[in-house]
Amino acid sequence: MTTLGQQLSSKTKPGAGVYLRAFFLLLAVLPVAGGLAYGLAYSFGLAGALSTGFTLQHWQQVWSSGALLHSLAYSLYIGLVAISIATAAALFLALYFQKSLRSGSLSYFLYLPLTIPAMVMGFLVFQLFTKSGLVSRVVYQSGWISDLQQFPSLVHDTLSFGIILAHVLMAVPFLTLLFHAIYREQNLEPLQEVSANLGAGKSYFVRHIAIPTLLKTAAPNLLLYFIFILGSYEIPLLIGSQQHQMVSVLAVQKFQRFNLLDIPQGYAISVAFTLFVLLLLSISFKKLQRHA
Amino acid sequence: MLRKTLTAILIAAILLPFLFFGMLSVGQAWFYPSILPQRFTLSNWQELLVGQSELQVSLLLSLLLGMGVAILSTLAGFVISKEIARAKYKNRWLLLAYWPFVLSPVVLAILVQRFFLLTGMSGEVIGVLLGQLILAFPFAVIFFQSFWTQEVLQLEQQSQTLGASAVYTLQKVLLPLAKPLLLICFFQTFLISWFEYGLTQFIGLGKIKTLTILVFKYVNEANIFHAALASLLLMLPPALLLWLNKKFVFRGI
């Protein structure tokens, strides 16, 4: 307690400060920076059991096979569709159920889906929408189909309906609560009264004031959530199709194959994806700052 | 009327996962096209009470890891966040704290896995704990930045100017002020560990079977009844805590 107290005293000694910062670098920065450096070295043939000296061979293989570009495009498709649908649904919920979100039943219930991790959400969507899932059973009992094969493939499908739905279900409660919090913080309710006094209708206020304000304020969070979807692993692993793979699944597959020569490619994919995300973040944040 | 109907539908949809998994967790056979399982049994739940069952061990391990990660990251985050808050280049330090969150956890796990193999911590609880700290600790550092305001730092200085020792200032000034944030941080870092899959799977080499690992294992084995029970065990404790105090989550957005 004494040591902790001394460390927390306002005049932290310069020596103690150095140790604290070193601890921070050791636990928060070194694993990521070291991991990236090691991955980069491995992908260039400079590290690992089969290293033969500097080579671009593994990067060329990843590039020429087209697997990385294909899975990046596929991940971008999933991310863009899921975040667009989730944002639209969350905007509707946040604007339509304002009172209920503020003090009604939804102010409690909407927090419950936040306790569902990605792995469980993937399992839930699988059990609900697979050909023998709950929805198929309800549809069968209603007489709409006479055989389970007539139920459409909504899981492991080529359009990735299941993956998109799972991400949308995870994102909507979070984004709704976020938009609701922004609505209150930005004092949009008094603004609505002002716009009504000036003769604007409710739909005009929603389209020209509320939605642009909410989207602009939430833009960094939406971007981060989009990146979270890009790198998602558990959901596509459980309910993804055989034809397409998201980047994380592709990288892990390279590591789990028995061919040791695939491992440098796995590192190349991981490093390339990290650099892509960093590039995306830096460009997007610069644009966001310019528009702020 | 429409609003009330839509609210009821929404609440039903929110409760569906809990009810559905609850139903499956007490089911034994669920043949198509029945909507309900053919047989109901409490045997899956009883396994939880039997000593050394896989579910029981996994639940205890998840709790242990969650508590360990939460305690260590909250304490270390509280101490070090002050140093970062007072640093000359505060924003640069904070930018470094955001690094682990840019990467997908599973990509991060791939990149750091080698270090854990070299140090012999792969497949060990301590390795998984350290791996999860890579995410939880920077989160705590970022989280406590909102606490170390100029007012708090000045208050602390005043206390010491008036003759209070560092320990007394910590006990009587800083900790009472930080108590709500310490609780929130503890809860959120616990959840980071509780829901973690990628790092746990790769650093734990599948040997450290937390609840998320167990859910995936049961799903792979097509054991939907155990998978549903493990899923419920993952969802219920945080749901209960949230229900008791929903303000724990969305402060600070």
# chains A, B, ... in the order shown; residues from 1 in each chain; ligands from 1

$ residues_around --residues "Leu91 of chain A" --least-positions-apart "3" --cutoff "7 Å" --atoms "only C-alpha atoms" --output "MDAnalysis selection string"
chainID A and resid 87:88 94:95 176 179

$ write_last_selection --atoms "N, CA and C atoms" --output "compact mmCIF listing (two decimals), in the first residue's frame"
# COMPACT_ATOMS: atom_id res chain seq x y z
N THR A 87 -26.49 0.45 -38.98
CA THR A 87 -26.62 1.90 -38.73
C THR A 87 -28.05 2.36 -39.03
N ALA A 88 -28.59 1.90 -40.16
CA ALA A 88 -29.96 2.30 -40.51
C ALA A 88 -30.95 1.82 -39.45
N ALA A 94 -33.26 4.41 -32.40
CA ALA A 94 -32.90 5.52 -31.50
C ALA A 94 -33.87 6.69 -31.66
N LEU A 95 -34.35 6.92 -32.87
CA LEU A 95 -35.24 8.07 -33.10
C LEU A 95 -36.70 7.73 -32.80
N THR A 176 -27.57 1.66 -31.29
CA THR A 176 -28.79 2.35 -30.83
C THR A 176 -28.50 3.12 -29.55
N PHE A 179 -26.28 6.11 -30.40
CA PHE A 179 -27.04 7.21 -31.02
C PHE A 179 -27.93 7.90 -29.98

$ select_by_dssp --residues "segment 7-240 of chain B" --states "helix (DSSP H, G or I)" --output "number ranges by chain"
B: 7-25, 43-49, 54-85, 90-102, 105-118, 125-146, 150-161, 166-195, 198-203, 211-220, 224-240

$ closest_residue --among "B:Leu64, B:Leu232, B:Ile71, B:Leu183" --to "chain A" --atoms "only C-alpha atoms"
B:Leu232

$ residues_around --residues "segment 220-226 of chain B" --least-positions-apart "6" --cutoff "7 Å" --atoms "only C-alpha atoms" --output "PyMOL selection string"
chain B and resi 24-25+27-28+44

$ write_last_selection --atoms "N, CA and C atoms" --output "short mmCIF file (atom, residue, chain, number, x, y, z; two decimals), in the first residue's frame"
data_model
loop_
_atom_site.label_atom_id
_atom_site.label_comp_id
_atom_site.auth_asym_id
_atom_site.auth_seq_id
_atom_site.Cartn_x
_atom_site.Cartn_y
_atom_site.Cartn_z
N LEU B 24 -32.92 -25.18 -24.95
CA LEU B 24 -31.97 -26.21 -25.44
C LEU B 24 -31.14 -26.80 -24.31
N SER B 25 -30.83 -25.95 -23.30
CA SER B 25 -29.97 -26.44 -22.22
C SER B 25 -30.65 -27.51 -21.37
N GLY B 27 -32.87 -29.58 -22.89
CA GLY B 27 -33.38 -30.55 -23.87
C GLY B 27 -32.45 -31.73 -24.01
N GLN B 28 -32.98 -32.81 -24.58
CA GLN B 28 -32.12 -33.99 -24.77
C GLN B 28 -32.17 -34.48 -26.21
N ASN B 44 -28.00 -31.82 -17.76
CA ASN B 44 -26.91 -30.92 -18.20
C ASN B 44 -26.56 -29.92 -17.10
#

$ interface_residues --of "chain A" --to "chain B" --cutoff "8 Å" --atoms "only C-alpha atoms" --output "JSON, numbers by chain"
{"A": [1, 2, 4, 5, 6, 7, 8, 9, 10, 17, 20, 21, 24, 27, 28, 29, 31, 32, 34, 35, 36, 38, 39, 97, 106, 108, 109, 110, 111, 112, 113, 115, 116, 117, 119, 120, 123, 124, 132, 134, 137, 138, 140, 141, 178, 181, 227, 228, 231, 232, 233, 234, 248, 251, 252, 267, 270, 274, 277, 278]}

$ residues_around --residues "Ile208 of chain B" --least-positions-apart "6" --cutoff "7 Å" --atoms "only C-alpha atoms" --output "PyMOL selection string"
chain B and resi 123-125

$ write_last_selection --atoms "C-alpha atoms" --output "mmCIF file, in the first residue's frame"
data_model
loop_
_atom_site.group_PDB
_atom_site.id
_atom_site.type_symbol
_atom_site.label_atom_id
_atom_site.label_comp_id
_atom_site.auth_asym_id
_atom_site.auth_seq_id
_atom_site.Cartn_x
_atom_site.Cartn_y
_atom_site.Cartn_z
ATOM 1 C CA GLY B 123 -0.837 -23.745 -23.137
ATOM 2 C CA GLU B 124 -0.562 -22.373 -19.587
ATOM 3 C CA VAL B 125 -3.070 -20.328 -17.592
#

$ closest_residue --among "B:Ile126, B:Leu55, B:Ala140, B:Leu94" --to "Tyr218 of chain B" --atoms "only C-alpha atoms"
B:Leu55

$ residues_around --residues "Val57 of chain B" --least-positions-apart "4" --cutoff "9 Å" --atoms "only C-alpha atoms" --output "list of chain:residue names"
B:Leu48, B:Gly51, B:Gln52, B:Ser53, B:Leu61, B:Ser62, B:Lys209, B:Thr210

$ residues_around --residues "Val172 of chain A" --least-positions-apart "6" --cutoff "7 Å" --atoms "only C-alpha atoms" --output "list of chain:residue names"
A:Ala86, A:Ala89, A:Ala90

$ residues_around --residues "Val26 of chain B" --least-positions-apart "6" --cutoff "8 Å" --atoms "only C-alpha atoms" --output "list in words"
Phe40, Thr41, Leu42, Ser43, Asn44, Trp45 and Phe225 of chain B

$ write_last_selection --atoms "N, CA and C atoms" --output "CSV table (one decimal), in the first residue's frame"
chain,number,residue,atom,x,y,z
B,40,PHE,N,-37.1,-33.4,-22.0
B,40,PHE,CA,-36.5,-32.4,-21.1
B,40,PHE,C,-35.8,-33.0,-19.9
B,41,THR,N,-34.6,-32.5,-19.6
B,41,THR,CA,-33.9,-33.1,-18.5
B,41,THR,C,-33.0,-32.0,-17.8
B,42,LEU,N,-32.8,-32.2,-16.5
B,42,LEU,CA,-31.9,-31.2,-15.8
B,42,LEU,C,-30.5,-31.7,-15.7
B,43,SER,N,-30.2,-32.9,-16.4
B,43,SER,CA,-28.9,-33.5,-16.3
B,43,SER,C,-27.8,-32.6,-16.7
B,44,ASN,N,-28.0,-31.8,-17.8
B,44,ASN,CA,-26.9,-30.9,-18.2
B,44,ASN,C,-26.6,-29.9,-17.1
B,45,TRP,N,-27.6,-29.4,-16.5
B,45,TRP,CA,-27.4,-28.4,-15.4
B,45,TRP,C,-26.7,-29.1,-14.2
B,225,PHE,N,-26.9,-29.1,-27.0
B,225,PHE,CA,-27.5,-28.9,-25.7
B,225,PHE,C,-26.4,-28.4,-24.7

$ atom_distance --atom1 "atom CA of Gly45 of chain A" --atom2 "atom CA of Asp262 of chain A"
11.9 Å

$ closest_residue --among "A:Gln150, A:Gln253, A:Thr130, A:Gln186" --to "Ala218 of chain A" --atoms "only C-alpha atoms"
A:Gln186

$ atom_distance --atom1 "atom CA of Leu288 of chain A" --atom2 "atom CA of Leu215 of chain A"
11.5 Å

$ decode --residues "segment 167-210 of chain A" --atoms "C-alpha atoms" --output "CSV table (one decimal), in the first residue's frame"
chain,number,residue,atom,x,y,z
A,167,HIS,CA,-22.9,-8.9,-37.1
A,168,VAL,CA,-26.0,-6.7,-37.5
A,169,LEU,CA,-27.6,-8.3,-34.4
A,170,MET,CA,-24.5,-7.6,-32.4
A,171,ALA,CA,-24.1,-4.0,-33.7
A,172,VAL,CA,-27.7,-2.8,-33.5
A,173,PRO,CA,-28.1,-2.6,-29.7
A,174,PHE,CA,-24.7,-1.0,-29.3
A,175,LEU,CA,-25.2,1.6,-32.1
A,176,THR,CA,-28.8,2.3,-30.8
A,177,LEU,CA,-27.5,3.1,-27.3
A,178,LEU,CA,-24.7,5.1,-28.8
A,179,PHE,CA,-27.0,7.2,-31.0
A,180,HIS,CA,-29.4,7.7,-28.1
A,181,ALA,CA,-26.5,8.9,-25.9
A,182,ILE,CA,-25.4,11.3,-28.7
A,183,TYR,CA,-29.0,12.6,-29.1
A,184,ARG,CA,-29.0,13.6,-25.5
A,185,GLU,CA,-25.5,15.0,-25.4
A,186,GLN,CA,-26.0,17.1,-28.5
A,187,ASN,CA,-29.3,18.5,-27.1
A,188,LEU,CA,-31.3,17.5,-30.1
A,189,GLU,CA,-34.6,17.5,-28.3
A,190,PRO,CA,-34.5,21.3,-27.7
A,191,LEU,CA,-33.3,21.7,-31.3
A,192,GLN,CA,-36.4,19.8,-32.4
A,193,GLU,CA,-38.6,22.2,-30.5
A,194,VAL,CA,-36.8,25.2,-32.1
A,195,SER,CA,-37.2,23.7,-35.6
A,196,ALA,CA,-40.9,23.0,-34.9
A,197,ASN,CA,-41.4,26.6,-33.8
A,198,LEU,CA,-39.7,27.7,-37.1
A,199,GLY,CA,-42.2,25.7,-39.0
A,200,ALA,CA,-40.2,22.6,-39.8
A,201,GLY,CA,-42.0,19.2,-39.7
A,202,LYS,CA,-40.8,16.2,-37.8
A,203,SER,CA,-39.6,14.4,-40.9
A,204,TYR,CA,-37.6,17.5,-42.0
A,205,PHE,CA,-36.0,17.7,-38.6
A,206,VAL,CA,-35.1,14.0,-38.7
A,207,ARG,CA,-33.7,14.1,-42.2
A,208,HIS,CA,-31.9,17.4,-42.1
A,209,ILE,CA,-30.8,17.8,-38.5
A,210,ALA,CA,-31.0,14.6,-36.4
